[in-house]
>>> print(open('coords.txt').read())   # compact mmCIF, C-alpha atoms and all ligand atoms
# COMPACT_ATOMS: atom_id res chain seq x y z
CA MET F 223 -24.39 -120.39 -39.95
CA ALA F 224 -27.32 -118.83 -41.85
CA SER F 225 -30.57 -120.79 -41.84
CA LEU F 226 -30.60 -123.12 -44.80
CA ARG F 227 -33.69 -123.74 -46.85
CA TRP F 228 -34.78 -126.92 -48.58
CA LYS F 229 -36.96 -126.14 -51.59
CA CYS F 230 -39.08 -129.01 -52.85
CA ARG F 231 -41.58 -128.33 -55.61
CA ASP F 232 -43.94 -125.58 -54.41
CA ARG F 233 -42.89 -125.83 -50.77
CA GLU F 234 -39.92 -124.78 -48.67
CA TRP F 235 -38.60 -126.03 -45.32
CA THR F 236 -36.37 -123.95 -43.05
CA CYS F 237 -33.50 -126.06 -41.76
CA ALA F 238 -32.84 -124.15 -38.55
CA PRO F 239 -32.13 -125.60 -35.07
CA PRO F 240 -33.48 -127.78 -33.59
CA GLY F 241 -33.96 -129.30 -37.05
CA LEU F 242 -36.50 -131.34 -38.97
CA VAL F 243 -37.55 -134.86 -38.09
CA MET F 244 -38.17 -137.36 -40.87
CA GLY F 245 -40.18 -140.36 -39.72
CA ILE F 246 -39.34 -143.69 -41.36
CA LEU F 247 -42.20 -145.57 -43.00
CA ASN F 248 -41.03 -148.85 -44.44
CA VAL F 249 -43.47 -150.66 -46.70
CA THR F 250 -41.17 -153.66 -46.93
CA PRO F 251 -41.23 -157.20 -45.57
CA ASP F 252 -37.50 -157.16 -44.67
CA SER F 253 -36.22 -153.83 -43.26
CA PHE F 254 -33.85 -154.38 -40.41
CA SER F 255 -35.90 -153.01 -37.52
CA ASP F 256 -39.55 -152.62 -38.54
CA GLY F 257 -39.87 -154.68 -41.72
CA GLY F 258 -43.03 -156.69 -42.04
CA HIS F 259 -45.06 -154.55 -39.65
CA TYR F 260 -46.75 -152.34 -42.23
CA PRO F 261 -47.01 -154.29 -45.46
CA ALA F 262 -50.61 -153.39 -46.31
CA THR F 263 -51.39 -149.97 -47.71
CA HIS F 264 -54.00 -149.00 -45.14
CA ALA F 265 -51.72 -149.95 -42.24
CA ALA F 266 -48.84 -148.01 -43.82
CA VAL F 267 -51.03 -144.93 -44.29
CA ALA F 268 -52.21 -145.14 -40.67
CA ARG F 269 -48.61 -145.42 -39.51
CA GLY F 270 -47.62 -142.42 -41.67
CA LEU F 271 -50.43 -140.30 -40.19
CA SER F 272 -49.35 -141.36 -36.72
CA LEU F 273 -45.74 -140.29 -37.43
CA ALA F 274 -47.02 -136.87 -38.53
CA GLU F 275 -49.16 -136.55 -35.39
CA GLN F 276 -46.11 -137.36 -33.28
CA GLY F 277 -44.35 -134.37 -34.84
CA ALA F 278 -42.65 -135.61 -37.99
CA ASP F 279 -41.97 -132.77 -40.43
CA TRP F 280 -41.30 -135.36 -43.12
CA ILE F 281 -42.31 -138.95 -43.77
CA ASP F 282 -39.77 -141.05 -45.67
CA ILE F 283 -41.55 -143.88 -47.46
CA GLY F 284 -39.47 -146.86 -48.56
CA GLY F 285 -40.42 -149.91 -50.61
CA GLU F 286 -36.95 -151.46 -50.84
CA SER F 287 -34.82 -152.28 -47.82
CA SER F 288 -31.22 -151.11 -47.97
CA ARG F 289 -29.93 -153.03 -44.97
CA PRO F 290 -26.51 -154.70 -45.45
CA GLY F 291 -26.92 -157.73 -47.73
CA ALA F 292 -30.42 -156.73 -48.90
CA GLN F 293 -31.42 -157.99 -52.32
CA PRO F 294 -32.96 -155.62 -54.90
CA VAL F 295 -36.74 -155.37 -55.30
CA ALA F 296 -38.33 -155.45 -58.79
CA GLU F 297 -39.60 -152.11 -60.06
CA GLU F 298 -43.23 -153.27 -60.34
CA GLU F 299 -43.23 -154.55 -56.77
CA GLU F 300 -41.69 -151.33 -55.43
CA LEU F 301 -44.30 -149.27 -57.33
CA ARG F 302 -47.06 -151.47 -55.95
CA ARG F 303 -45.79 -150.91 -52.40
CA VAL F 304 -45.19 -147.17 -52.36
CA VAL F 305 -47.43 -145.36 -54.87
CA PRO F 306 -50.77 -145.97 -53.08
CA VAL F 307 -49.22 -144.91 -49.76
CA VAL F 308 -47.92 -141.65 -51.23
CA GLU F 309 -51.26 -140.95 -52.93
CA ALA F 310 -53.18 -141.41 -49.68
CA LEU F 311 -50.77 -139.45 -47.48
CA ALA F 312 -50.48 -136.55 -49.95
CA THR F 313 -54.09 -135.57 -49.33
CA ARG F 314 -54.17 -136.36 -45.62
CA THR F 315 -51.10 -134.83 -43.98
CA PRO F 316 -49.21 -131.54 -44.20
CA ALA F 317 -45.91 -133.38 -43.64
CA GLY F 318 -43.39 -133.44 -46.46
CA LEU F 319 -43.26 -136.76 -48.28
CA SER F 320 -39.98 -138.24 -49.47
CA VAL F 321 -39.55 -141.62 -51.08
CA ASP F 322 -36.48 -143.74 -50.51
CA THR F 323 -35.75 -145.12 -53.98
CA THR F 324 -32.91 -145.50 -56.47
CA LYS F 325 -35.19 -146.12 -59.48
CA ALA F 326 -36.21 -143.39 -61.97
CA ALA F 327 -39.57 -145.03 -62.76
CA VAL F 328 -40.45 -145.14 -59.06
CA ALA F 329 -39.31 -141.53 -58.62
CA ARG F 330 -41.50 -140.38 -61.52
CA ALA F 331 -44.54 -142.26 -60.24
CA VAL F 332 -44.30 -141.04 -56.65
CA LEU F 333 -43.65 -137.46 -57.72
CA ALA F 334 -46.79 -137.67 -59.89
CA ALA F 335 -48.62 -139.06 -56.85
CA GLY F 336 -47.65 -136.05 -54.71
CA ALA F 337 -44.23 -136.73 -53.12
CA HIS F 338 -42.05 -133.67 -52.51
CA ALA F 339 -38.58 -135.21 -52.55
CA ILE F 340 -36.60 -138.29 -53.51
CA ASN F 341 -34.19 -139.83 -51.02
CA ASP F 342 -31.68 -141.69 -53.20
CA ILE F 343 -29.16 -143.76 -51.26
CA SER F 344 -27.17 -144.16 -54.49
CA ALA F 345 -27.05 -140.38 -55.11
CA GLY F 346 -28.15 -140.88 -58.72
CA ARG F 347 -25.55 -143.57 -59.54
CA PHE F 348 -27.79 -146.63 -59.93
CA ASP F 349 -30.26 -145.29 -62.49
CA PRO F 350 -29.24 -142.54 -64.94
CA GLY F 351 -32.87 -141.42 -65.26
CA LEU F 352 -33.31 -140.53 -61.61
CA LEU F 353 -31.67 -137.09 -61.52
CA PRO F 354 -33.58 -135.88 -64.64
CA ALA F 355 -36.84 -137.16 -63.07
CA VAL F 356 -36.20 -135.11 -59.92
CA ALA F 357 -35.18 -132.07 -62.00
CA GLU F 358 -38.31 -132.17 -64.18
CA ALA F 359 -40.58 -132.18 -61.12
CA GLY F 360 -38.56 -129.44 -59.35
CA ALA F 361 -38.45 -131.87 -56.43
CA GLY F 362 -36.08 -132.06 -53.48
CA LEU F 363 -33.25 -134.59 -53.50
CA VAL F 364 -31.28 -136.29 -50.72
CA LEU F 365 -27.83 -137.27 -51.97
CA MET F 366 -26.38 -139.98 -49.73
CA HIS F 367 -22.88 -141.41 -49.69
CA MET F 368 -22.45 -145.17 -49.96
CA GLN F 369 -19.38 -147.23 -50.79
CA GLY F 370 -20.46 -150.12 -53.05
CA THR F 371 -24.05 -151.42 -53.09
CA PRO F 372 -26.28 -152.64 -50.23
CA ALA F 373 -25.48 -156.23 -51.25
CA THR F 374 -21.69 -155.74 -50.98
CA MET F 375 -21.03 -152.57 -48.97
CA GLN F 376 -20.10 -154.13 -45.64
CA ALA F 377 -17.69 -156.71 -47.16
CA ASP F 378 -14.48 -154.74 -46.58
CA PRO F 379 -15.02 -150.96 -46.59
CA ARG F 380 -11.78 -148.94 -46.82
CA TYR F 381 -10.93 -145.26 -46.88
CA GLY F 382 -7.87 -143.04 -46.50
CA ASP F 383 -9.60 -140.04 -44.89
CA VAL F 384 -13.29 -141.01 -44.71
CA VAL F 385 -14.55 -137.45 -44.14
CA GLU F 386 -12.53 -136.08 -47.09
CA GLU F 387 -13.71 -138.92 -49.36
CA VAL F 388 -17.36 -138.50 -48.41
CA LEU F 389 -17.05 -134.74 -48.99
CA ALA F 390 -15.48 -135.28 -52.42
CA PHE F 391 -18.20 -137.78 -53.34
CA LEU F 392 -21.03 -135.46 -52.28
CA ARG F 393 -19.48 -132.52 -54.16
CA GLU F 394 -19.19 -134.66 -57.29
CA ARG F 395 -22.77 -135.97 -57.01
CA THR F 396 -24.03 -132.41 -56.40
CA ASP F 397 -22.35 -131.32 -59.65
CA ALA F 398 -23.99 -134.27 -61.44
CA ALA F 399 -27.41 -133.40 -59.98
CA GLN F 400 -27.08 -129.74 -60.93
CA ALA F 401 -25.90 -130.69 -64.42
CA ALA F 402 -29.12 -132.72 -64.74
CA GLY F 403 -31.14 -129.63 -63.76
CA VAL F 404 -31.73 -130.18 -60.02
CA ALA F 405 -31.81 -126.82 -58.21
CA ARG F 406 -29.02 -126.19 -55.70
CA ASP F 407 -31.49 -125.31 -52.95
CA GLY F 408 -33.33 -128.58 -53.56
CA ILE F 409 -30.32 -130.64 -52.47
CA VAL F 410 -29.65 -132.19 -49.04
CA TRP F 411 -26.45 -134.06 -48.14
CA ASP F 412 -26.21 -137.28 -46.14
CA PRO F 413 -22.94 -139.00 -45.12
CA GLY F 414 -24.70 -142.41 -45.22
CA ILE F 415 -23.99 -143.77 -41.76
CA GLY F 416 -23.61 -147.57 -42.00
CA PHE F 417 -23.43 -147.67 -45.80
CA GLY F 418 -20.04 -149.19 -46.58
CA LYS F 419 -18.50 -148.13 -43.25
CA THR F 420 -16.92 -149.79 -40.26
CA LEU F 421 -17.62 -148.60 -36.73
CA ASP F 422 -14.54 -146.35 -36.86
CA HIS F 423 -15.61 -144.88 -40.20
CA ASN F 424 -19.05 -144.08 -38.77
CA LEU F 425 -17.53 -142.45 -35.69
CA ASP F 426 -15.03 -140.44 -37.76
CA LEU F 427 -17.90 -139.20 -39.93
CA LEU F 428 -20.01 -138.21 -36.94
CA ARG F 429 -17.03 -136.37 -35.41
CA GLY F 430 -16.38 -134.75 -38.80
CA LEU F 431 -19.95 -133.51 -39.29
CA PRO F 432 -18.99 -129.83 -38.81
CA ARG F 433 -16.78 -130.11 -41.93
CA LEU F 434 -19.69 -131.52 -43.94
CA CYS F 435 -22.13 -128.96 -42.59
CA ALA F 436 -19.78 -126.08 -43.47
CA GLU F 437 -20.31 -126.69 -47.20
CA GLY F 438 -23.67 -124.92 -47.26
CA PHE F 439 -26.13 -127.79 -47.82
CA PRO F 440 -28.59 -128.97 -45.18
CA VAL F 441 -27.18 -132.22 -43.76
CA LEU F 442 -29.41 -135.19 -43.00
CA VAL F 443 -28.32 -138.13 -40.85
CA GLY F 444 -29.87 -141.55 -40.42
CA LEU F 445 -28.71 -142.97 -37.10
CA SER F 446 -31.86 -144.51 -35.68
CA ARG F 447 -31.37 -148.05 -34.29
CA LYS F 448 -28.33 -148.62 -36.52
CA ARG F 449 -25.75 -151.34 -36.04
CA PHE F 450 -22.97 -148.98 -34.87
CA LEU F 451 -25.12 -148.19 -31.82
CA GLY F 452 -25.24 -151.90 -31.05
CA GLN F 453 -21.48 -152.20 -31.56
CA LEU F 454 -20.90 -149.37 -29.06
CA THR F 455 -23.37 -150.54 -26.41
CA GLY F 456 -24.02 -154.25 -26.95
CA LEU F 457 -27.75 -153.47 -27.14
CA PRO F 458 -30.08 -155.24 -29.59
CA VAL F 459 -32.00 -153.28 -32.20
CA GLU F 460 -35.15 -152.96 -30.08
CA ASP F 461 -33.17 -151.34 -27.23
CA ARG F 462 -31.28 -148.70 -29.22
CA LEU F 463 -33.52 -145.67 -28.58
CA ALA F 464 -31.29 -144.12 -25.87
CA PRO F 465 -27.98 -144.53 -27.76
CA GLY F 466 -29.73 -143.29 -30.92
CA LEU F 467 -30.91 -140.13 -29.16
CA ALA F 468 -27.40 -139.50 -27.82
CA ALA F 469 -26.00 -139.76 -31.34
CA LEU F 470 -28.83 -137.61 -32.73
CA LEU F 471 -28.12 -134.80 -30.26
CA HIS F 472 -24.41 -134.97 -31.06
CA ALA F 473 -25.26 -134.65 -34.77
CA ALA F 474 -27.65 -131.76 -34.12
CA ALA F 475 -25.01 -129.94 -32.06
CA ALA F 476 -22.52 -130.51 -34.88
CA GLY F 477 -24.85 -128.81 -37.38
CA ALA F 478 -26.98 -131.59 -38.93
CA ARG F 479 -30.50 -130.34 -39.60
CA LEU F 480 -32.57 -133.33 -40.70
CA PHE F 481 -32.93 -136.57 -38.76
CA ARG F 482 -34.30 -139.78 -40.28
CA VAL F 483 -35.73 -141.69 -37.31
CA HIS F 484 -38.09 -144.50 -36.30
CA ASP F 485 -38.94 -142.93 -32.91
CA VAL F 486 -40.45 -139.60 -33.87
CA LYS F 487 -42.02 -138.49 -30.61
CA GLU F 488 -38.86 -139.17 -28.58
CA SER F 489 -36.58 -137.57 -31.19
CA CYS F 490 -38.71 -134.40 -31.34
CA ALA F 491 -38.69 -134.16 -27.54
CA ALA F 492 -34.91 -134.60 -27.31
CA LEU F 493 -34.32 -131.96 -29.99
CA ARG F 494 -36.77 -129.59 -28.32
CA VAL F 495 -34.94 -129.77 -24.99
CA ALA F 496 -31.46 -129.46 -26.47
CA GLY F 497 -32.66 -126.54 -28.63
CA SER F 498 -34.25 -124.78 -25.64
CA LEU F 499 -30.97 -125.08 -23.76
CA GLY F 500 -29.11 -123.43 -26.61
CA ALA F 501 -27.10 -126.59 -27.09
CA LEU F 502 -27.58 -126.66 -30.88
CA ARG F 503 -25.52 -124.59 -33.33
CA ALA F 504 -27.39 -121.64 -34.82
N1 LIG T 1 -30.67 -145.45 -43.86
C1 LIG T 1 -31.47 -146.48 -44.26
C2 LIG T 1 -32.31 -146.32 -45.36
N2 LIG T 1 -32.36 -145.15 -46.05
N3 LIG T 1 -31.63 -142.92 -46.34
C3 LIG T 1 -30.84 -141.92 -45.98
N4 LIG T 1 -30.88 -140.75 -46.65
N5 LIG T 1 -29.97 -142.02 -44.91
C4 LIG T 1 -29.88 -143.17 -44.19
O1 LIG T 1 -29.05 -143.20 -43.26
C5 LIG T 1 -30.70 -144.28 -44.55
C6 LIG T 1 -31.57 -144.12 -45.67
C7 LIG T 1 -31.45 -147.76 -43.48
O2 LIG T 1 -31.83 -148.86 -44.16
P1 LIG T 1 -33.20 -149.75 -44.10
O3 LIG T 1 -32.76 -151.15 -44.22
O4 LIG T 1 -34.14 -149.31 -45.16
O5 LIG T 1 -33.81 -149.62 -42.69
P2 LIG T 1 -34.70 -148.49 -42.06
O6 LIG T 1 -35.39 -147.83 -43.20
O7 LIG T 1 -35.61 -149.25 -41.15
O8 LIG T 1 -33.80 -147.57 -41.32
>>> encode(input="coords.txt", output="structure tokens")
Amino acid sequence: MASLRWKCRDREWTCAPPGLVMGILNVTPDSFSDGGHYPATHAAVARGLSLAEQGADWIDIGGESSRPGAQPVAEEEELRRVVPVVEALATRTPAGLSVDTTKAAVARAVLAAGAHAINDISAGRFDPGLLPAVAEAGAGLVLMHMQGTPATMQADPRYGDVVEEVLAFLRERTDAAQAAGVARDGIVWDPGIGFGKTLDHNLDLLRGLPRLCAEGFPVLVGLSRKRFLGQLTGLPVEDRLAPGLAALLHAAAAGARLFRVHDVKESCAALRVAGSLGALRA
């Protein structure tokens, strides 16, 4: 597979093995594993700088939790949480800055503040202004698959062939993004592990990653500390580093190139070793 590039505004990232690590920075009181730890701007900025020092290529800043059952956050509150953090990090770290939002007004504000990409878990479905906002800034865009909304998605998720349906969804959302003016090489795909999926759906998607990766877009996965790891091992969220690294290395070997993680240092080290051993697909 040729090395893929992710173009975001005036910068470009090469998505070659061992891949790019995206450190998670939640500026929320209720995210499932680290919510409430970094509510104040200065603490969030310090945490972001620490993620970059640990080796994060990207920092993904989120002001609205998307855990199962999460309730939406008002636009003004989300802006208040994330904009000052983006502004401060933009001048203080070379890492790419993405913002996890579904709202066009938030996307516009953070792109004006210096963010390079928008990570939209709704893939442009929740706010019709989001794709044009990304297009106008020439920014990068993560398109993620989700069945339903965070409030309802785990109620009773059903699929025929989950890999085929996720593929069809991502193709359709890519067409929508391109129709809105988003550049093809600004788009990253994400199967949305845990978003409207049972354990079996998540496992089928992880096994099916080579099919997703064969479509020519860099593939991002968010596996870190997720519930499926607890379902497989019985371990609580604070003990899911080892199972998360096992899943991460599987995904890297299957062709995924971006990894959204809480544990940056450990993830970089695991990818470095697997890459050095030639265990990751070129
Ligand atoms: N997972 C979460 C949030 N945003 N974005 C992408 N692209 N892919 C993911 O898998 C993904 C995501 C998880 O939800 P949240 O409740 O915000 O928890 P945390 O950010 O601590 O992982």
>>> residues_around(input="coords.txt", residues="Ala312 (chain F)", least_positions_apart="3", cutoff="12 Å", atoms="only C-alpha atoms", output="PyMOL selection string")
chain F and resi 267+270-271+274+280-281+283+305-309+315-320+332-338
>>> write_last_selection(input="coords.txt", atoms="C-alpha atoms", output="PDB file, keeping the file's coordinate frame")
ATOM      1  CA  VAL F 267     -51.030-144.930 -44.290  1.00  0.00           C
ATOM      2  CA  GLY F 270     -47.620-142.420 -41.670  1.00  0.00           C
ATOM      3  CA  LEU F 271     -50.430-140.300 -40.190  1.00  0.00           C
ATOM      4  CA  ALA F 274     -47.020-136.870 -38.530  1.00  0.00           C
ATOM      5  CA  TRP F 280     -41.300-135.360 -43.120  1.00  0.00           C
ATOM      6  CA  ILE F 281     -42.310-138.950 -43.770  1.00  0.00           C
ATOM      7  CA  ILE F 283     -41.550-143.880 -47.460  1.00  0.00           C
ATOM      8  CA  VAL F 305     -47.430-145.360 -54.870  1.00  0.00           C
ATOM      9  CA  PRO F 306     -50.770-145.970 -53.080  1.00  0.00           C
ATOM     10  CA  VAL F 307     -49.220-144.910 -49.760  1.00  0.00           C
ATOM     11  CA  VAL F 308     -47.920-141.650 -51.230  1.00  0.00           C
ATOM     12  CA  GLU F 309     -51.260-140.950 -52.930  1.00  0.00           C
ATOM     13  CA  THR F 315     -51.100-134.830 -43.980  1.00  0.00           C
ATOM     14  CA  PRO F 316     -49.210-131.540 -44.200  1.00  0.00           C
ATOM     15  CA  ALA F 317     -45.910-133.380 -43.640  1.00  0.00           C
ATOM     16  CA  GLY F 318     -43.390-133.440 -46.460  1.00  0.00           C
ATOM     17  CA  LEU F 319     -43.260-136.760 -48.280  1.00  0.00           C
ATOM     18  CA  SER F 320     -39.980-138.240 -49.470  1.00  0.00           C
ATOM     19  CA  VAL F 332     -44.300-141.040 -56.650  1.00  0.00           C
ATOM     20  CA  LEU F 333     -43.650-137.460 -57.720  1.00  0.00           C
ATOM     21  CA  ALA F 334     -46.790-137.670 -59.890  1.00  0.00           C
ATOM     22  CA  ALA F 335     -48.620-139.060 -56.850  1.00  0.00           C
ATOM     23  CA  GLY F 336     -47.650-136.050 -54.710  1.00  0.00           C
ATOM     24  CA  ALA F 337     -44.230-136.730 -53.120  1.00  0.00           C
ATOM     25  CA  HIS F 338     -42.050-133.670 -52.510  1.00  0.00           C
TER      26      HIS F 338
END
>>> residues_near_ligand(input="coords.txt", ligand="ligand LIG 1 (chain T)", cutoff="8 Å", atoms="only C-alpha atoms and all ligand atoms", output="count of residues only")
39
>>> residues_around(input="coords.txt", residues="Glu386 (chain F)", least_positions_apart="3", cutoff="10 Å", atoms="all atoms listed in the file", output="number ranges by chain")
F: 381-383, 389-392, 427, 430, 433-434
>>> atom_distance(input="coords.txt", atom1="CA of Ala357 (chain F)", atom2="CA of Trp411 (chain F)")
16.5 Å
>>> atom_distance(input="coords.txt", atom1="CA of Asp279 (chain F)", atom2="CA of Cys435 (chain F)")
20.3 Å
>>> atom_distance(input="coords.txt", atom1="CA of Val328 (chain F)", atom2="CA of Arg406 (chain F)")
22.4 Å
>>> closest_residue(input="coords.txt", among="F:Ala475, F:Leu352, F:Leu499, F:Ile340", to="Val410 (chain F)", atoms="all atoms listed in the file")
F:Ile340
>>> closest_residue(input="coords.txt", among="F:Ala265, F:Ala405, F:Met244, F:Ala473", to="Lys487 (chain F)", atoms="only C-alpha atoms")
F:Met244
>>> closest_residue(input="coords.txt", among="F:Val321, F:Ser225, F:Glu234, F:Glu297", to="Val249 (chain F)", atoms="all atoms listed in the file")
F:Val321
